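Text of run01.txt (compact mmCIF, C-alpha atoms and all ligand atoms) as supplied:
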```txt
# COMPACT_ATOMS: atom_id res chain seq x y z
CA MET S 1 110.44 89.84 67.05
CA LEU S 2 108.32 91.06 69.92
CA SER S 3 109.44 94.21 71.68
CA LEU S 4 109.70 93.42 75.36
CA THR S 5 107.51 95.79 77.26
CA LEU S 6 107.84 93.91 80.52
CA GLU S 7 110.65 92.04 82.26
CA LEU S 8 110.54 89.14 84.68
CA VAL S 9 112.80 88.45 87.62
CA LYS S 10 112.57 85.20 89.55
CA ASN S 11 112.81 85.31 93.32
CA ASN S 12 113.77 82.44 95.51
CA PRO S 13 111.10 82.50 98.23
CA LYS S 14 112.79 81.05 101.31
CA ARG S 15 109.65 81.23 103.48
CA SER S 16 112.04 81.56 106.40
CA ASN S 17 110.42 84.34 108.43
CA ALA S 18 107.01 83.21 109.66
CA ASP S 19 107.00 86.09 112.19
CA CYS S 20 106.29 88.64 109.47
CA LEU S 21 103.05 86.78 108.65
CA LYS S 22 101.73 86.96 112.23
CA PRO S 23 99.98 90.36 111.93
CA PHE S 24 97.96 88.73 109.13
CA ALA S 25 96.99 85.55 111.00
CA PRO S 26 93.30 84.61 110.65
CA SER S 27 92.47 86.03 114.11
CA GLU S 28 93.98 89.42 113.16
CA VAL S 29 92.28 89.43 109.77
CA LYS S 30 88.97 88.75 111.53
CA LYS S 31 89.51 91.74 113.84
CA VAL S 32 90.22 94.03 110.90
CA ARG S 33 87.18 92.76 109.02
CA ALA S 34 84.97 93.29 112.08
CA PHE S 35 86.12 96.91 112.21
CA HIS S 36 85.34 97.48 108.53
CA GLU S 37 81.95 95.83 108.98
CA SER S 38 81.27 98.29 111.79
CA MET S 39 81.53 101.09 109.20
CA TRP S 40 77.83 100.72 108.69
CA GLY S 41 76.51 102.48 105.59
CA TYR S 42 80.04 102.76 104.14
CA TYR S 43 81.42 99.22 104.01
CA HIS S 44 80.33 96.68 101.40
CA ALA S 45 82.41 93.80 100.08
CA THR S 46 83.52 94.54 96.51
CA PRO S 47 82.87 92.07 93.67
CA LEU S 48 85.13 89.21 92.64
CA ARG S 49 84.65 88.88 88.89
CA GLU S 50 85.26 85.69 86.97
CA LEU S 51 86.32 86.27 83.36
CA LYS S 52 85.46 82.93 81.73
CA ASN S 53 85.85 83.97 78.11
CA LEU S 54 89.18 85.66 78.81
CA ALA S 55 90.40 82.48 80.55
CA ALA S 56 89.40 80.36 77.53
CA TRP S 57 91.18 82.84 75.20
CA LEU S 58 94.37 82.65 77.28
CA GLY S 59 94.16 78.87 77.65
CA VAL S 60 93.98 78.74 81.46
CA LYS S 61 91.37 77.21 83.76
CA SER S 62 90.09 80.44 85.38
CA ILE S 63 90.77 84.14 85.72
CA PHE S 64 89.37 86.06 88.71
CA VAL S 65 89.63 89.81 89.28
CA LYS S 66 88.89 91.41 92.64
CA ASP S 67 87.40 94.70 91.53
CA GLU S 68 88.05 97.57 93.94
CA SER S 69 86.78 100.33 91.63
CA SER S 70 83.68 100.85 93.79
CA ARG S 71 85.21 100.60 97.30
CA PHE S 72 83.65 103.18 99.67
CA ASN S 73 82.67 105.21 96.56
CA LEU S 74 86.31 106.35 96.52
CA GLN S 75 87.34 104.25 93.50
CA SER S 76 90.17 102.35 95.16
CA PHE S 77 91.00 99.87 97.93
CA LYS S 78 93.19 102.38 99.74
CA ALA S 79 90.77 103.64 102.39
CA LEU S 80 90.68 100.12 103.87
CA GLY S 81 94.17 100.83 105.21
CA GLY S 82 93.80 104.49 106.17
CA SER S 83 90.51 103.90 107.99
CA PHE S 84 91.84 100.96 109.99
CA ALA S 85 95.01 102.86 110.96
CA ILE S 86 93.16 106.01 112.07
CA ALA S 87 90.64 103.93 114.00
CA SER S 88 93.39 101.88 115.66
CA TYR S 89 95.24 105.07 116.62
CA LEU S 90 92.13 106.64 118.17
CA ALA S 91 91.04 103.42 119.90
CA LYS S 92 94.48 103.02 121.45
CA LYS S 93 94.68 106.66 122.50
CA CYS S 94 91.32 106.75 124.24
CA ALA S 95 91.17 103.08 125.25
CA CYS S 96 87.90 102.48 123.45
CA PRO S 97 86.82 99.53 121.30
CA LEU S 98 87.75 99.28 117.64
CA ASP S 99 84.22 100.04 116.56
CA PHE S 100 83.47 102.73 114.01
CA ASP S 101 80.23 103.84 115.64
CA LYS S 102 81.87 104.32 119.03
CA LEU S 103 84.73 106.28 117.48
CA THR S 104 82.27 108.86 116.19
CA TYR S 105 81.10 109.73 119.73
CA GLU S 106 81.96 113.24 120.87
CA SER S 107 83.64 111.76 123.94
CA VAL S 108 86.39 110.39 121.67
CA GLN S 109 87.11 113.87 120.34
CA GLU S 110 87.15 115.24 123.89
CA LYS S 111 89.57 112.55 125.03
CA VAL S 112 92.05 112.84 122.17
CA GLY S 113 91.87 116.64 121.82
CA ASN S 114 92.87 118.54 118.69
CA ILE S 115 94.42 116.13 116.22
CA THR S 116 95.34 116.71 112.60
CA PHE S 117 96.00 113.61 110.53
CA ALA S 118 98.62 114.03 107.81
CA THR S 119 99.94 111.96 104.94
CA THR S 120 101.70 111.94 101.57
CA THR S 121 99.97 110.39 98.58
CA ASP S 122 99.96 109.87 94.83
CA GLY S 123 96.18 110.18 95.11
CA ASN S 124 94.28 107.23 96.49
CA HIS S 125 95.82 106.81 99.95
CA GLY S 126 95.48 110.52 100.75
CA ARG S 127 91.87 110.47 99.59
CA GLY S 128 91.19 107.57 101.97
CA VAL S 129 92.91 109.31 104.90
CA ALA S 130 91.12 112.63 104.26
CA TRP S 131 87.77 110.80 103.91
CA THR S 132 88.24 108.87 107.15
CA ALA S 133 89.37 111.99 109.02
CA ARG S 134 86.34 113.91 107.74
CA ILE S 135 83.75 111.28 108.70
CA LEU S 136 85.32 110.95 112.15
CA GLY S 137 85.39 114.74 112.56
CA PHE S 138 89.13 115.51 112.34
CA PRO S 139 91.10 117.85 110.05
CA SER S 140 93.72 116.49 107.65
CA VAL S 141 96.74 117.67 105.69
CA VAL S 142 97.83 115.88 102.52
CA TYR S 143 101.09 116.39 100.60
CA MET S 144 101.38 115.25 96.98
CA PRO S 145 104.41 114.88 94.71
CA LYS S 146 105.05 117.17 91.76
CA GLY S 147 103.04 116.42 88.65
CA SER S 148 100.00 115.15 90.61
CA ALA S 149 96.85 115.21 88.47
CA GLN S 150 94.49 118.10 89.29
CA GLU S 151 91.51 115.70 89.56
CA ARG S 152 93.35 113.78 92.29
CA VAL S 153 94.13 117.02 94.13
CA ASP S 154 90.48 118.13 93.82
CA ASN S 155 89.14 114.77 95.05
CA ILE S 156 91.20 115.11 98.22
CA ARG S 157 90.27 118.78 98.76
CA ARG S 158 86.61 117.77 98.48
CA GLU S 159 87.18 115.59 101.58
CA GLY S 160 88.15 118.74 103.46
CA ALA S 161 91.93 118.23 103.50
CA ALA S 162 94.48 121.01 103.15
CA VAL S 163 96.49 119.84 100.13
CA LYS S 164 100.03 120.87 99.22
CA VAL S 165 101.62 119.78 95.93
CA THR S 166 105.40 119.79 96.35
CA GLU S 167 108.24 120.13 93.85
CA LEU S 168 109.57 116.72 94.94
CA ASN S 169 109.04 113.08 93.94
CA TYR S 170 106.93 110.76 96.12
CA ASP S 171 109.68 109.48 98.42
CA ASP S 172 111.14 112.94 99.10
CA THR S 173 107.64 114.28 99.70
CA VAL S 174 107.15 111.56 102.35
CA ARG S 175 110.30 112.81 104.10
CA LEU S 176 109.19 116.45 103.89
CA LEU S 177 105.79 115.64 105.37
CA ALA S 178 107.36 113.66 108.23
CA LYS S 179 109.54 116.69 109.05
CA ASP S 180 106.67 119.20 108.84
CA ALA S 181 104.45 116.90 110.91
CA GLN S 182 107.01 116.83 113.69
CA GLN S 183 107.12 120.63 113.76
CA ASN S 184 103.32 121.00 113.66
CA GLY S 185 102.34 118.08 115.88
CA TRP S 186 100.40 116.29 113.12
CA VAL S 187 99.75 112.55 113.37
CA VAL S 188 101.31 110.90 110.30
CA ILE S 189 99.23 108.15 108.70
CA GLN S 190 101.79 106.96 106.16
CA ASP S 191 101.57 103.73 104.18
CA THR S 192 105.29 103.07 104.37
CA ALA S 193 107.56 102.48 107.36
CA TRP S 194 110.96 103.78 108.47
CA PRO S 195 113.04 103.25 111.62
CA GLU S 196 110.87 103.94 114.69
CA TYR S 197 107.78 104.46 112.55
CA GLU S 198 106.22 101.02 112.11
CA GLU S 199 103.02 100.75 114.12
CA ILE S 200 100.83 102.93 111.88
CA PRO S 201 102.11 101.51 108.55
CA LEU S 202 101.51 98.01 109.90
CA TRP S 203 97.92 98.95 110.79
CA ILE S 204 97.51 100.26 107.23
CA MET S 205 98.81 96.98 105.82
CA GLN S 206 96.50 95.02 108.11
CA GLY S 207 93.63 97.16 106.83
CA TYR S 208 94.24 95.81 103.32
CA SER S 209 93.75 92.25 104.57
CA THR S 210 89.99 92.77 104.30
CA MET S 211 90.34 92.99 100.51
CA ALA S 212 92.40 89.80 100.34
CA GLU S 213 90.07 87.94 102.69
CA GLU S 214 86.97 88.96 100.74
CA ALA S 215 88.61 87.65 97.55
CA LEU S 216 89.77 84.35 99.05
CA GLU S 217 86.45 83.57 100.69
CA LYS S 218 84.59 84.13 97.38
CA ILE S 219 86.96 82.34 95.01
CA PRO S 220 85.44 78.88 94.41
CA ILE S 221 88.77 77.16 93.69
CA ALA S 222 92.30 77.54 95.08
CA PRO S 223 94.34 80.04 93.06
CA THR S 224 97.58 78.78 91.53
CA HIS S 225 98.91 82.29 90.75
CA VAL S 226 98.19 85.53 92.63
CA PHE S 227 99.24 88.82 91.03
CA ALA S 228 99.42 92.09 92.99
CA GLN S 229 100.85 95.45 91.99
CA ALA S 230 103.30 97.32 94.20
CA GLY S 231 104.14 100.92 94.90
CA VAL S 232 105.80 100.76 98.32
CA GLY S 233 104.53 97.16 98.50
CA SER S 234 102.20 97.45 101.50
CA MET S 235 99.14 96.15 99.68
CA ALA S 236 100.93 93.33 97.85
CA ALA S 237 102.62 92.22 101.08
CA ALA S 238 99.32 92.19 102.95
CA VAL S 239 97.69 90.08 100.22
CA GLN S 240 100.73 87.80 100.12
CA ALA S 241 100.65 87.31 103.90
CA VAL S 242 96.92 86.52 103.95
CA VAL S 243 97.44 84.01 101.11
CA ALA S 244 100.44 82.40 102.84
CA ASN S 245 98.49 82.11 106.11
CA ARG S 246 95.78 80.13 104.31
CA HIS S 247 98.23 77.23 103.86
CA TYR S 248 96.83 76.00 100.57
CA ARG S 249 97.74 72.41 99.78
CA LYS S 250 99.81 73.74 96.90
CA GLU S 251 101.16 77.21 97.70
CA PRO S 252 100.08 79.66 94.94
CA ALA S 253 102.91 81.45 93.12
CA PHE S 254 102.83 85.13 94.10
CA ILE S 255 103.80 87.66 91.42
CA ILE S 256 104.56 91.33 92.11
CA LEU S 257 103.71 93.77 89.31
CA GLU S 258 105.51 97.09 89.09
CA ALA S 259 105.84 100.20 86.97
CA ALA S 260 109.21 100.01 85.15
CA GLU S 261 110.01 103.65 85.97
CA ALA S 262 109.70 102.92 89.71
CA ASN S 263 110.66 99.25 89.84
CA CYS S 264 112.28 99.12 93.28
CA PHE S 265 111.01 95.57 94.00
CA TYR S 266 112.22 94.30 90.62
CA ARG S 267 115.69 95.72 91.30
CA SER S 268 115.66 94.63 94.95
CA MET S 269 114.72 91.06 94.03
CA SER S 270 117.43 91.02 91.34
CA GLN S 271 120.05 92.05 93.92
CA GLY S 272 118.62 90.33 97.01
CA VAL S 273 118.60 93.55 99.08
CA PRO S 274 116.37 96.65 99.07
CA VAL S 275 117.42 98.97 96.24
CA SER S 276 115.79 102.33 95.59
CA VAL S 277 114.98 104.12 92.35
CA LYS S 278 115.69 107.86 92.24
CA GLY S 279 114.45 110.65 89.99
CA ASP S 280 111.03 111.73 88.76
CA LEU S 281 109.47 108.21 88.67
CA ASN S 282 107.55 109.31 85.61
CA THR S 283 104.78 106.82 84.88
CA ILE S 284 101.04 106.91 84.17
CA MET S 285 100.69 104.44 87.08
CA ALA S 286 100.68 107.22 89.69
CA GLY S 287 99.82 104.85 92.55
CA LEU S 288 102.86 102.72 91.75
CA ALA S 289 105.28 105.66 91.40
CA CYS S 290 107.26 104.92 94.57
CA GLY S 291 111.01 104.39 94.40
CA GLU S 292 111.61 102.93 97.86
CA VAL S 293 110.23 99.71 99.31
CA ASN S 294 108.39 99.66 102.61
CA PRO S 295 110.82 97.57 104.75
CA LEU S 296 107.89 95.75 106.43
CA ALA S 297 106.55 94.81 103.01
CA TRP S 298 110.00 93.82 101.72
CA GLU S 299 110.34 91.29 104.54
CA ILE S 300 107.15 89.52 103.44
CA ILE S 301 107.59 89.89 99.69
CA SER S 302 111.25 88.83 99.58
CA ASN S 303 110.47 85.79 101.72
CA TYR S 304 107.33 84.58 99.99
CA SER S 305 106.98 85.95 96.42
CA ALA S 306 108.03 83.93 93.39
CA PHE S 307 108.42 86.59 90.66
CA CYS S 308 108.35 90.29 89.93
CA LEU S 309 107.29 91.75 86.58
CA SER S 310 108.50 95.24 85.73
CA CYS S 311 106.02 96.76 83.26
CA HIS S 312 106.15 99.84 81.04
CA ASP S 313 103.19 102.20 80.76
CA ASP S 314 101.84 100.47 77.66
CA VAL S 315 101.12 97.36 79.77
CA ALA S 316 98.80 99.39 82.01
CA ALA S 317 97.18 101.07 78.99
CA LEU S 318 96.59 97.66 77.38
CA GLY S 319 95.04 96.43 80.63
CA MET S 320 92.64 99.39 80.76
CA ARG S 321 91.45 98.57 77.22
CA LEU S 322 91.35 94.80 77.75
CA TRP S 323 89.31 94.86 80.98
CA GLY S 324 87.15 97.72 79.68
CA ASN S 325 86.19 95.78 76.53
CA PRO S 326 85.39 92.26 77.71
CA LEU S 327 85.03 89.15 75.57
CA GLY S 328 81.49 87.75 75.22
CA ASP S 329 79.49 88.03 78.44
CA ASP S 330 82.50 88.58 80.74
CA SER S 331 82.01 91.51 83.13
CA LYS S 332 83.34 94.92 82.12
CA ILE S 333 85.93 96.20 84.57
CA THR S 334 86.74 99.89 84.69
CA ALA S 335 90.39 100.04 85.69
CA GLY S 336 92.55 103.12 86.14
CA GLU S 337 96.25 103.09 85.31
CA SER S 338 97.56 101.54 88.53
CA GLY S 339 94.66 99.08 88.73
CA ALA S 340 94.95 97.80 85.17
CA ILE S 341 98.53 96.53 85.11
CA GLY S 342 97.38 92.94 85.69
CA GLY S 343 94.98 93.16 82.74
CA GLY S 344 97.89 94.20 80.52
CA VAL S 345 99.93 91.26 81.75
CA ILE S 346 97.08 88.91 80.72
CA GLY S 347 97.12 90.49 77.25
CA LEU S 348 100.86 89.98 76.93
CA LEU S 349 100.97 86.43 78.30
CA ASP S 350 99.22 85.39 75.11
CA LYS S 351 102.16 86.79 73.11
CA TYR S 352 105.11 85.97 75.34
CA HIS S 353 104.78 82.20 75.67
CA ASN S 354 108.10 81.89 77.44
CA LEU S 355 106.74 84.11 80.23
CA LYS S 356 103.84 81.73 80.68
CA THR S 357 106.23 78.80 80.81
CA ASP S 358 108.62 80.57 83.19
CA MET S 359 105.77 81.28 85.61
CA GLY S 360 104.31 77.79 85.27
CA ILE S 361 101.03 79.03 83.76
CA ASN S 362 99.14 76.36 81.83
CA LYS S 363 95.66 75.00 81.16
CA ASP S 364 95.16 74.08 84.83
CA SER S 365 96.10 77.51 86.19
CA VAL S 366 93.72 79.65 88.26
CA LEU S 367 94.84 83.28 88.13
CA LEU S 368 93.80 85.91 90.66
CA PHE S 369 94.28 89.65 89.97
CA PHE S 370 93.37 92.86 91.78
CA ASN S 371 91.94 95.86 89.98
CA THR S 372 92.95 98.34 92.64
CA GLU S 373 91.38 101.49 91.16
CA GLY S 374 88.65 102.77 88.87
CA ASP S 375 88.94 105.69 86.44
CA THR S 376 90.25 108.12 89.05
CA VAL S 377 91.20 110.61 86.29
CA PRO S 378 88.33 110.15 83.79
CA LYS S 379 89.95 112.21 81.00
CA ASN S 380 93.08 110.04 81.07
CA TYR S 381 90.89 106.93 81.04
CA LEU S 382 89.05 108.07 77.90
CA ASP S 383 92.24 109.26 76.18
CA ILE S 384 93.69 105.77 76.62
CA VAL S 385 90.62 103.55 76.17
CA TRP S 386 88.82 105.53 73.45
CA GLY S 387 91.61 107.69 72.09
CA GLY S 388 94.18 104.92 71.80
CA LYS S 389 96.81 106.89 73.71
CA ILE S 390 99.91 104.85 74.72
CA PRO S 391 99.49 101.98 72.25
CA CYS S 392 101.08 98.69 73.16
CA ASP S 393 103.58 98.27 70.33
CA PHE S 394 103.99 94.50 70.59
CA ARG S 395 101.53 93.91 67.78
CA SER S 396 103.39 96.04 65.24
CA ASP S 397 106.40 93.74 65.56
CA VAL S 398 104.54 90.45 65.19
C1 LIG O 401 95.46 102.10 92.74
C2 LIG O 401 96.65 101.66 93.48
N1 LIG O 401 97.09 100.41 93.29
C3 LIG O 401 98.17 99.95 93.94
C4 LIG O 401 98.88 100.76 94.81
C5 LIG O 401 100.12 100.23 95.48
O1 LIG O 401 99.98 100.10 96.84
P1 LIG O 401 101.30 100.09 97.75
O2 LIG O 401 101.88 101.47 97.70
O3 LIG O 401 100.81 99.68 99.07
O4 LIG O 401 102.23 99.12 97.13
C6 LIG O 401 98.45 102.07 95.03
C7 LIG O 401 99.16 102.96 95.95
O5 LIG O 401 98.84 104.11 96.12
C8 LIG O 401 97.31 102.53 94.35
O6 LIG O 401 96.86 103.78 94.50
```
Starting from the file, give its structure as structure tokens.
Amino acid sequence: MLSLTLELVKNNPKRSNADCLKPFAPSEVKKVRAFHESMWGYYHATPLRELKNLAAWLGVKSIFVKDESSRFNLQSFKALGGSFAIASYLAKKCACPLDFDKLTYESVQEKVGNITFATTTDGNHGRGVAWTARILGFPSVVYMPKGSAQERVDNIRREGAAVKVTELNYDDTVRLLAKDAQQNGWVVIQDTAWPEYEEIPLWIMQGYSTMAEEALEKIPIAPTHVFAQAGVGSMAAAVQAVVANRHYRKEPAFIILEAAEANCFYRSMSQGVPVSVKGDLNTIMAGLACGEVNPLAWEIISNYSAFCLSCHDDVAALGMRLWGNPLGDDSKITAGESGAIGGGVIGLLDKYHNLKTDMGINKDSVLLFFNTEGDTVPKNYLDIVWGGKIPCDFRSDV
């Protein structure tokens, strides 16, 4: 008997709301990409790695991993969203072009006056917001949920942000920041939406389209299965929308990956309506520790995704070891906890044959994954990869 360390729910993608894909139409994606390309000296496309030996081991045609561990030297994809949202806000406010160079002119600062950008984060998003604010010459305030790793706090402080670690979980910290921002006149750059707060989160989601576009333009063959991990779902929804807008001859199956302790998409798909997860959301996958779906992301994901896999921490730990110790001459991928979940799923697909069958994965399948972060807390990385912390117990039961 294998102990089930992940659970699958099947969605019925109706593809009935094409409007939600419009912000990710090719013309929009091009605009976002042009902005990122204007971040001269900062922006470089990240690698798409093909893992040929791993694909042969799993018995599929190809496995590709878009590796975000080197993005902007910040170790995650997140600043793609924060930078595009801050730039869009400033460009709109001072009616100037969406061009990074022009946004650094002093005249922009004069026009917009004193602005403080503020956000809540599990680590990576706040680091991206603080970094963008610093390079554009603005102060930032970042709130973090209780239990945030000190390294993540320090990384954000190094970008010049005032950081506050609260006694609340992620979703309640988002609400606290929104309230404090209103009192202090801060501009909230949050990666999730709520009623009457949609424009900035949508810009953030659009910002992530650069990552999806880079992957799809490099991949030499149409993917049959695209896997993306979700916290509030903004990134996965952006990738899903860019994929859907490509209109592949055979639509790839889109699979959402989630931390079991914060599996709001898994529960929402099971019930057909957004369902939240309360409590401490205690998982090593800090970036995925969000208990409430972004409603903008839910619209896309519920309409277009095929499956959701809810994964316990040992899946992420397995993924960190699997991608960090490649077979043969496959590339080594350094993946932090939230980035590695897809690697763990690959490891488990070899054991859980029914999962492969359920998701239609076979010898002709082309799988695309996203490693969304590097070793953002190096000690945790070594404890897991070298020290064997959080073993995946499926083997002991074989
Ligand atoms: C490394 C990493 N991967 C994935 C995610 C999930 O992104 P989203 O919250 O947009 O679903 C996050 C969010 O912070 C993250 O930090």
Could you tell me, counting only C-alpha atoms and all ligand atoms, which protein and nucleic acid residues lie no more than 9 Å from ligand LIG 401 (chain O), written as an mmCIF file with C-alpha atoms, in the frame of the given file?
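Resulting contents of result08.cif:
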```cif
data_model
loop_
_atom_site.group_PDB
_atom_site.id
_atom_site.type_symbol
_atom_site.label_atom_id
_atom_site.label_comp_id
_atom_site.auth_asym_id
_atom_site.auth_seq_id
_atom_site.Cartn_x
_atom_site.Cartn_y
_atom_site.Cartn_z
ATOM 1 C CA GLU S 68 88.050 97.570 93.940
ATOM 2 C CA SER S 69 86.780 100.330 91.630
ATOM 3 C CA GLN S 75 87.340 104.250 93.500
ATOM 4 C CA SER S 76 90.170 102.350 95.160
ATOM 5 C CA PHE S 77 91.000 99.870 97.930
ATOM 6 C CA LYS S 78 93.190 102.380 99.740
ATOM 7 C CA THR S 121 99.970 110.390 98.580
ATOM 8 C CA ASP S 122 99.960 109.870 94.830
ATOM 9 C CA GLY S 123 96.180 110.180 95.110
ATOM 10 C CA ASN S 124 94.280 107.230 96.490
ATOM 11 C CA HIS S 125 95.820 106.810 99.950
ATOM 12 C CA GLY S 126 95.480 110.520 100.750
ATOM 13 C CA ASP S 191 101.570 103.730 104.180
ATOM 14 C CA THR S 192 105.290 103.070 104.370
ATOM 15 C CA ILE S 204 97.510 100.260 107.230
ATOM 16 C CA MET S 205 98.810 96.980 105.820
ATOM 17 C CA TYR S 208 94.240 95.810 103.320
ATOM 18 C CA ALA S 228 99.420 92.090 92.990
ATOM 19 C CA GLN S 229 100.850 95.450 91.990
ATOM 20 C CA ALA S 230 103.300 97.320 94.200
ATOM 21 C CA GLY S 231 104.140 100.920 94.900
ATOM 22 C CA VAL S 232 105.800 100.760 98.320
ATOM 23 C CA GLY S 233 104.530 97.160 98.500
ATOM 24 C CA SER S 234 102.200 97.450 101.500
ATOM 25 C CA MET S 235 99.140 96.150 99.680
ATOM 26 C CA ALA S 236 100.930 93.330 97.850
ATOM 27 C CA ALA S 237 102.620 92.220 101.080
ATOM 28 C CA ALA S 238 99.320 92.190 102.950
ATOM 29 C CA GLU S 258 105.510 97.090 89.090
ATOM 30 C CA MET S 285 100.690 104.440 87.080
ATOM 31 C CA ALA S 286 100.680 107.220 89.690
ATOM 32 C CA GLY S 287 99.820 104.850 92.550
ATOM 33 C CA LEU S 288 102.860 102.720 91.750
ATOM 34 C CA ALA S 289 105.280 105.660 91.400
ATOM 35 C CA CYS S 290 107.260 104.920 94.570
ATOM 36 C CA VAL S 293 110.230 99.710 99.310
ATOM 37 C CA ASN S 294 108.390 99.660 102.610
ATOM 38 C CA ALA S 297 106.550 94.810 103.010
ATOM 39 C CA ALA S 335 90.390 100.040 85.690
ATOM 40 C CA GLY S 336 92.550 103.120 86.140
ATOM 41 C CA GLU S 337 96.250 103.090 85.310
ATOM 42 C CA SER S 338 97.560 101.540 88.530
ATOM 43 C CA GLY S 339 94.660 99.080 88.730
ATOM 44 C CA ALA S 340 94.950 97.800 85.170
ATOM 45 C CA PHE S 370 93.370 92.860 91.780
ATOM 46 C CA ASN S 371 91.940 95.860 89.980
ATOM 47 C CA THR S 372 92.950 98.340 92.640
ATOM 48 C CA GLU S 373 91.380 101.490 91.160
ATOM 49 C CA GLY S 374 88.650 102.770 88.870
ATOM 50 C CA THR S 376 90.250 108.120 89.050
#
```
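For the pair CA of Asp172 (chain S) and CA of Tyr266 (chain S), the separation is 20.5 Å.
Here CA of Gly272 (chain S) and CA of Asp313 (chain S) stand 25.4 Å from one another.
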Spatial neighbours of Arg246 (chain S), 10 Å, all atoms listed in the file, chain gap at least 5 places, as a tab-separated table (two decimals) with C-alpha atoms, keeping the file's coordinate frame:
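In the end it all went to part33.tsv:
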```tsv
chain	number	residue	atom	x	y	z
S	25	ALA	CA	96.99	85.55	111.00
S	26	PRO	CA	93.30	84.61	110.65
S	213	GLU	CA	90.07	87.94	102.69
S	216	LEU	CA	89.77	84.35	99.05
S	241	ALA	CA	100.65	87.31	103.90
S	251	GLU	CA	101.16	77.21	97.70
```
**Fill in**
If you count only C-alpha atoms, the residue of S:Ile63, S:Ala56, S:Val163, S:Ile86 closest to Ile221 (chain S) turns out to be S:Ile63
Contacts of region 157-252 of chain S with region 358-366 of chain S up to 10 Å, shortest pair per row, only C-alpha atoms, as CSV:
```
residue,atom,partner,partner_atom,distance
S:Ile219,CA,S:Val366,CA,9.9
S:Ile221,CA,S:Val366,CA,7.8
S:Ala222,CA,S:Val366,CA,7.3
S:Pro223,CA,S:Val366,CA,4.9
S:Thr224,CA,S:Val366,CA,5.1
S:His225,CA,S:Val366,CA,6.3
S:Val226,CA,S:Val366,CA,8.6
S:Pro252,CA,S:Val366,CA,9.2
```
**Prompt:** List as number ranges by chain: which residues have an atom within 7 Å of (106.8, 86.3, 91.5), counting all atoms listed in the file?
**Reply:** S: 10-11, 253-256, 305-308
Non-local contacts of Gly207 (chain S) (6 Å; all atoms listed in the file; under 4 positions in same chain excluded) as a CSV table (one decimal) with C-alpha atoms, keeping the file's coordinate frame:
```csv
chain,number,residue,atom,x,y,z
S,80,LEU,CA,90.7,100.1,103.9
S,81,GLY,CA,94.2,100.8,105.2
S,84,PHE,CA,91.8,101.0,110.0
```
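The neighbours of Ala162 (chain S) here are the residues that come within 10 Å of it, using only C-alpha atoms and leaving out any residue fewer than 3 positions away in the same chain; they are Ala118, Ala130, Pro139, Ser140, Val141, Val142, Tyr143, Val153, Ile156, Arg157, Arg158 and Glu159 of chain S.
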Would you export the selected residues with C-alpha atoms as a PDB file, in the frame of the given file, please?
```pdb
ATOM      1  CA  ALA S 118      98.620 114.030 107.810  1.00  0.00           C
ATOM      2  CA  ALA S 130      91.120 112.630 104.260  1.00  0.00           C
ATOM      3  CA  PRO S 139      91.100 117.850 110.050  1.00  0.00           C
ATOM      4  CA  SER S 140      93.720 116.490 107.650  1.00  0.00           C
ATOM      5  CA  VAL S 141      96.740 117.670 105.690  1.00  0.00           C
ATOM      6  CA  VAL S 142      97.830 115.880 102.520  1.00  0.00           C
ATOM      7  CA  TYR S 143     101.090 116.390 100.600  1.00  0.00           C
ATOM      8  CA  VAL S 153      94.130 117.020  94.130  1.00  0.00           C
ATOM      9  CA  ILE S 156      91.200 115.110  98.220  1.00  0.00           C
ATOM     10  CA  ARG S 157      90.270 118.780  98.760  1.00  0.00           C
ATOM     11  CA  ARG S 158      86.610 117.770  98.480  1.00  0.00           C
ATOM     12  CA  GLU S 159      87.180 115.590 101.580  1.00  0.00           C
TER      13      GLU S 159
END
```
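Of the listed residues (S:Ala161, S:Ile384, S:Met211, S:Leu367), S:Ile384 comes nearest to Gly319 (chain S); the distances count all atoms listed in the file.
Distance check against Asp329 (chain S) using all atoms listed in the file: of S:Met144, S:Leu54, S:Val108, S:Ile341, the minimum falls on S:Leu54.
Proximity of S:Thr119, S:Trp40, S:Gly128, S:Ser27 to Arg71 (chain S), computed with only C-alpha atoms, is greatest for S:Gly128.
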**Ref. answer, residues at most 10 Å from (110.3, 96.7, 83.6) with only C-alpha atoms, as a count of residues only** = 22
**Prompt:** Could you pull the residues within 9 Å of region 14-23 of chain S, counting all atoms listed in the file, minus those fewer than 6 positions along the same chain, as a PyMOL selection string?
**Reply:** chain S and resi 29+202-203+206+238+240-242+244-245+296-297+299-300+302-305
**Asked** Given the choices S:Leu281, S:Val275, S:Ala79, S:Val60, which gets closest to Pro145 (chain S) if the distance is worked out from only C-alpha atoms?
**Response** S:Leu281
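The shortest atom-to-atom distance to Tyr170 (chain S), with all atoms listed in the file taken into account, belongs to S:Lys146 out of S:Gly344, S:Val385, S:Ile284, S:Lys146.
Picture a line from CA of Lys61 (chain S) to CA of Lys356 (chain S); it runs 13.6 Å.
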